[in-house]
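So this one's protein_3.pdb, PDB, C-alpha atoms, pLDDT in the B column:
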ATOM      1  CA  MET A   1     -88.987   9.232-144.096  1.00 88.00           C
ATOM      2  CA  PRO A   2     -87.674   7.078-141.216  1.00 94.00           C
ATOM      3  CA  LYS A   3     -84.938   4.520-141.618  1.00 94.00           C
ATOM      4  CA  ILE A   4     -85.881   0.905-142.253  1.00 94.00           C
ATOM      5  CA  LYS A   5     -84.834  -1.585-139.600  1.00 96.00           C
ATOM      6  CA  THR A   6     -82.576  -4.410-140.767  1.00 97.00           C
ATOM      7  CA  HIS A   7     -83.772  -7.909-139.903  1.00 97.00           C
ATOM      8  CA  SER A   8     -81.320  -9.292-137.321  1.00 97.00           C
ATOM      9  CA  GLY A   9     -81.600 -12.897-138.482  1.00 97.00           C
ATOM     10  CA  ALA A  10     -81.131 -11.996-142.132  1.00 97.00           C
ATOM     11  CA  LYS A  11     -78.058  -9.825-141.569  1.00 96.00           C
ATOM     12  CA  LYS A  12     -76.303 -12.831-139.977  1.00 96.00           C
ATOM     13  CA  ARG A  13     -77.247 -15.221-142.778  1.00 97.00           C
ATOM     14  CA  PHE A  14     -77.014 -13.256-146.020  1.00 97.00           C
ATOM     15  CA  LYS A  15     -74.695 -10.813-147.717  1.00 96.00           C
ATOM     16  CA  LEU A  16     -74.642  -9.179-151.121  1.00 97.00           C
ATOM     17  CA  SER A  17     -71.946  -9.776-153.708  1.00 96.00           C
ATOM     18  CA  LYS A  18     -70.420  -6.915-155.693  1.00 96.00           C
ATOM     19  CA  SER A  19     -72.820  -7.636-158.545  1.00 96.00           C
ATOM     20  CA  GLY A  20     -75.820  -7.516-156.205  1.00 95.00           C
ATOM     21  CA  LYS A  21     -76.507 -11.241-155.911  1.00 97.00           C
ATOM     22  CA  VAL A  22     -77.581 -12.623-152.534  1.00 98.00           C
ATOM     23  CA  VAL A  23     -74.963 -14.968-151.081  1.00 98.00           C
ATOM     24  CA  ARG A  24     -75.885 -17.601-148.503  1.00 98.00           C
ATOM     25  CA  ALA A  25     -74.314 -20.557-146.713  1.00 98.00           C
ATOM     26  CA  HIS A  26     -75.350 -24.177-147.189  1.00 97.00           C
ATOM     27  CA  ALA A  27     -77.502 -25.955-144.619  1.00 96.00           C
ATOM     28  CA  ASN A  28     -76.741 -29.331-142.952  1.00 96.00           C
ATOM     29  CA  LYS A  29     -73.220 -28.460-141.774  1.00 96.00           C
ATOM     30  CA  SER A  30     -73.800 -27.984-138.037  1.00 95.00           C
ATOM     31  CA  HIS A  31     -74.213 -31.475-136.538  1.00 96.00           C
ATOM     32  CA  ILE A  32     -74.612 -35.188-137.313  1.00 96.00           C
ATOM     33  CA  LEU A  33     -71.516 -35.003-139.499  1.00 97.00           C
ATOM     34  CA  ASN A  34     -70.334 -38.622-139.030  1.00 97.00           C
ATOM     35  CA  LYS A  35     -72.623 -40.111-141.636  1.00 97.00           C
ATOM     36  CA  LYS A  36     -71.901 -37.414-144.228  1.00 97.00           C
ATOM     37  CA  THR A  37     -69.065 -38.060-146.641  1.00 97.00           C
ATOM     38  CA  ARG A  38     -65.901 -35.968-146.679  1.00 98.00           C
ATOM     39  CA  LYS A  39     -66.751 -34.722-150.154  1.00 98.00           C
ATOM     40  CA  ARG A  40     -70.243 -33.672-149.116  1.00 97.00           C
ATOM     41  CA  LYS A  41     -68.981 -31.752-146.055  1.00 97.00           C
ATOM     42  CA  ARG A  42     -66.298 -30.056-148.142  1.00 98.00           C
ATOM     43  CA  ASN A  43     -68.894 -28.881-150.671  1.00 98.00           C
ATOM     44  CA  LEU A  44     -71.153 -27.580-147.888  1.00 97.00           C
ATOM     45  CA  ARG A  45     -68.402 -25.178-146.760  1.00 97.00           C
ATOM     46  CA  GLN A  46     -68.693 -23.134-149.939  1.00 97.00           C
ATOM     47  CA  THR A  47     -71.176 -20.313-150.315  1.00 97.00           C
ATOM     48  CA  ALA A  48     -74.161 -20.476-152.643  1.00 98.00           C
ATOM     49  CA  ILE A  49     -76.283 -17.899-154.433  1.00 98.00           C
ATOM     50  CA  ALA A  50     -79.871 -17.558-153.253  1.00 97.00           C
ATOM     51  CA  ASP A  51     -82.656 -18.600-155.602  1.00 97.00           C
ATOM     52  CA  LYS A  52     -84.224 -15.831-157.667  1.00 96.00           C
ATOM     53  CA  THR A  53     -87.617 -16.444-156.024  1.00 97.00           C
ATOM     54  CA  ASN A  54     -86.199 -15.354-152.644  1.00 97.00           C
ATOM     55  CA  VAL A  55     -83.938 -12.472-153.715  1.00 97.00           C
ATOM     56  CA  ALA A  56     -86.504  -9.658-153.499  1.00 97.00           C
ATOM     57  CA  GLN A  57     -87.602 -10.674-149.998  1.00 97.00           C
ATOM     58  CA  VAL A  58     -84.021 -10.993-148.697  1.00 97.00           C
ATOM     59  CA  LYS A  59     -83.002  -7.624-150.135  1.00 97.00           C
ATOM     60  CA  ARG A  60     -85.977  -6.055-148.358  1.00 96.00           C
ATOM     61  CA  LEU A  61     -84.740  -7.533-145.071  1.00 97.00           C
ATOM     62  CA  ILE A  62     -81.165  -6.192-145.465  1.00 96.00           C
ATOM     63  CA  PRO A  63     -81.659  -2.733-147.009  1.00 95.00           C
ATOM     64  CA  TYR A  64     -78.308  -1.200-145.997  1.00 94.00           C
ATOM     65  CA  LYS A  65     -75.994  -4.115-146.634  1.00 90.00           C
TER      66      LYS A  65
END
Reformat the file's structure so that it appears as structure tokens.
Amino acid sequence: MPKIKTHSGAKKRFKLSKSGKVVRAHANKSHILNKKTRKRKRNLRQTAIADKTNVAQVKRLIPYK
């Protein structure tokens, strides 16, 4: 059985926690930051857990992570 290739885009964007949950970053933090409040930008820095509807697909993309 050959190895499965890891999806290059997914390996940069997702990682797995110790308990197996998929961890992701928040969107909307790259540009046009002037109009966003300090509180909103601060909360966007923190990581989030991916929705359960996307977990199976993401885990398929990063099999060895």
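With only C-alpha atoms as the basis for measurement, A:Ile62 is the residue among A:Ala56, A:Leu33, A:Met1, A:Ile62 that approaches Phe14 in chain A most closely.
The residue that comes closest to Val58 in chain A, out of A:Lys18, A:Lys11, A:Lys3, A:Lys41 and on the basis of all atoms listed in the file, is A:Lys11.
Taken over the shown file, the PyMOL selection byres ((chain A and resi 20-22) around 10) identifies Phe14, Lys15, Leu16, Ser17, Lys18, Ser19, Val23, Arg24, Ala48, Ile49, Ala50, Asp51, Lys52, Asn54, Val55, Ala56, Val58 and Lys59 of chain A.
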**OP:** Go through the shown structure with the PyMOL selection byres ((chain A and resi 6) around 9) and write out the matching residues as a PyMOL selection string.
**Re:** chain A and resi 4-5+7-11+60-65
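Residues matched by the PyMOL selection byres ((chain A and resi 26-29) around 6) in this file: Ala25, Ser30 and Leu44 of chain A.
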Kindly provide, as AutoDock Vina command-line options, the centre and edge lengths (Å, one decimal) of an axis-aligned box around all atoms of range 16-25 of chain A given in the file, with 6 Å on each side.
--center_x -74.0 --center_y -13.7 --center_z -152.6 --size_x 19.2 --size_y 25.6 --size_z 23.8
Can you save range 14-37 of chain A of the given block to a file, including N, CA, C and O atoms and formatted as an mmCIF file, in the first residue's frame?
data_model
loop_
_atom_site.group_PDB
_atom_site.id
_atom_site.type_symbol
_atom_site.label_atom_id
_atom_site.label_comp_id
_atom_site.auth_asym_id
_atom_site.auth_seq_id
_atom_site.Cartn_x
_atom_site.Cartn_y
_atom_site.Cartn_z
ATOM 1 N N PHE A 14 -3.850 23.741 9.149
ATOM 2 C CA PHE A 14 -4.462 22.980 10.238
ATOM 3 C C PHE A 14 -3.423 22.191 11.012
ATOM 4 O O PHE A 14 -2.407 21.787 10.460
ATOM 5 N N LYS A 15 -3.708 21.952 12.285
ATOM 6 C CA LYS A 15 -2.932 20.984 13.048
ATOM 7 C C LYS A 15 -3.873 20.277 14.005
ATOM 8 O O LYS A 15 -4.986 20.740 14.244
ATOM 9 N N LEU A 16 -3.418 19.152 14.537
ATOM 10 C CA LEU A 16 -4.257 18.376 15.437
ATOM 11 C C LEU A 16 -3.817 18.609 16.871
ATOM 12 O O LEU A 16 -2.625 18.659 17.164
ATOM 13 N N SER A 17 -4.803 18.748 17.762
ATOM 14 C CA SER A 17 -4.494 18.868 19.182
ATOM 15 C C SER A 17 -4.197 17.484 19.739
ATOM 16 O O SER A 17 -4.362 16.474 19.052
ATOM 17 N N LYS A 18 -3.758 17.439 20.991
ATOM 18 C CA LYS A 18 -3.436 16.149 21.620
ATOM 19 C C LYS A 18 -4.652 15.229 21.673
ATOM 20 O O LYS A 18 -4.526 14.020 21.598
ATOM 21 N N SER A 19 -5.831 15.823 21.813
ATOM 22 C CA SER A 19 -7.050 15.017 21.898
ATOM 23 C C SER A 19 -7.611 14.663 20.525
ATOM 24 O O SER A 19 -8.652 14.014 20.423
ATOM 25 N N GLY A 20 -6.951 15.121 19.452
ATOM 26 C CA GLY A 20 -7.382 14.762 18.114
ATOM 27 C C GLY A 20 -8.310 15.754 17.450
ATOM 28 O O GLY A 20 -8.809 15.494 16.353
ATOM 29 N N LYS A 21 -8.541 16.894 18.086
ATOM 30 C CA LYS A 21 -9.389 17.922 17.468
ATOM 31 C C LYS A 21 -8.576 18.691 16.438
ATOM 32 O O LYS A 21 -7.362 18.841 16.565
ATOM 33 N N VAL A 22 -9.264 19.207 15.413
ATOM 34 C CA VAL A 22 -8.594 19.970 14.364
ATOM 35 C C VAL A 22 -8.569 21.435 14.777
ATOM 36 O O VAL A 22 -9.605 22.038 15.032
ATOM 37 N N VAL A 23 -7.359 22.004 14.832
ATOM 38 C CA VAL A 23 -7.176 23.383 15.260
ATOM 39 C C VAL A 23 -6.905 24.240 14.030
ATOM 40 O O VAL A 23 -6.137 23.848 13.144
ATOM 41 N N ARG A 24 -7.537 25.397 13.980
ATOM 42 C CA ARG A 24 -7.380 26.302 12.838
ATOM 43 C C ARG A 24 -7.222 27.734 13.328
ATOM 44 O O ARG A 24 -7.485 28.032 14.500
ATOM 45 N N ALA A 25 -6.790 28.615 12.436
ATOM 46 C CA ALA A 25 -6.688 30.035 12.758
ATOM 47 C C ALA A 25 -7.962 30.744 12.290
ATOM 48 O O ALA A 25 -8.711 30.215 11.462
ATOM 49 N N HIS A 26 -8.202 31.926 12.827
ATOM 50 C CA HIS A 26 -9.344 32.722 12.398
ATOM 51 C C HIS A 26 -9.026 33.434 11.091
ATOM 52 O O HIS A 26 -7.870 33.764 10.817
ATOM 53 N N ALA A 27 -10.052 33.704 10.312
ATOM 54 C CA ALA A 27 -9.908 34.491 9.088
ATOM 55 C C ALA A 27 -10.017 35.977 9.424
ATOM 56 O O ALA A 27 -10.263 36.346 10.575
ATOM 57 N N ASN A 28 -9.830 36.829 8.423
ATOM 58 C CA ASN A 28 -9.994 38.288 8.519
ATOM 59 C C ASN A 28 -8.939 38.972 9.371
ATOM 60 O O ASN A 28 -9.215 39.986 9.991
ATOM 61 N N LYS A 29 -7.721 38.450 9.399
ATOM 62 C CA LYS A 29 -6.665 39.065 10.209
ATOM 63 C C LYS A 29 -5.493 39.527 9.348
ATOM 64 O O LYS A 29 -4.464 39.937 9.860
ATOM 65 N N SER A 30 -5.614 39.469 8.024
ATOM 66 C CA SER A 30 -4.457 39.762 7.181
ATOM 67 C C SER A 30 -4.372 41.210 6.710
ATOM 68 O O SER A 30 -3.283 41.761 6.635
ATOM 69 N N HIS A 31 -5.483 41.839 6.376
ATOM 70 C CA HIS A 31 -5.429 43.225 5.889
ATOM 71 C C HIS A 31 -6.748 43.923 6.175
ATOM 72 O O HIS A 31 -7.680 43.313 6.693
ATOM 73 N N ILE A 32 -6.790 45.207 5.863
ATOM 74 C CA ILE A 32 -7.922 46.095 6.195
ATOM 75 C C ILE A 32 -8.199 46.012 7.705
ATOM 76 O O ILE A 32 -9.312 45.719 8.141
ATOM 77 N N LEU A 33 -7.166 46.298 8.485
ATOM 78 C CA LEU A 33 -7.288 46.166 9.936
ATOM 79 C C LEU A 33 -7.676 47.473 10.621
ATOM 80 O O LEU A 33 -7.975 47.467 11.818
ATOM 81 N N ASN A 34 -7.676 48.598 9.891
ATOM 82 C CA ASN A 34 -7.979 49.896 10.507
ATOM 83 C C ASN A 34 -9.391 49.965 11.053
ATOM 84 O O ASN A 34 -9.619 50.496 12.141
ATOM 85 N N LYS A 35 -10.331 49.433 10.298
ATOM 86 C CA LYS A 35 -11.735 49.562 10.703
ATOM 87 C C LYS A 35 -12.157 48.527 11.739
ATOM 88 O O LYS A 35 -13.236 48.608 12.288
ATOM 89 N N LYS A 36 -11.305 47.543 12.003
ATOM 90 C CA LYS A 36 -11.632 46.517 12.990
ATOM 91 C C LYS A 36 -11.188 46.982 14.373
ATOM 92 O O LYS A 36 -10.115 47.554 14.522
ATOM 93 N N THR A 37 -12.003 46.703 15.358
ATOM 94 C CA THR A 37 -11.696 47.157 16.715
ATOM 95 C C THR A 37 -10.527 46.371 17.294
ATOM 96 O O THR A 37 -10.214 45.272 16.852
#
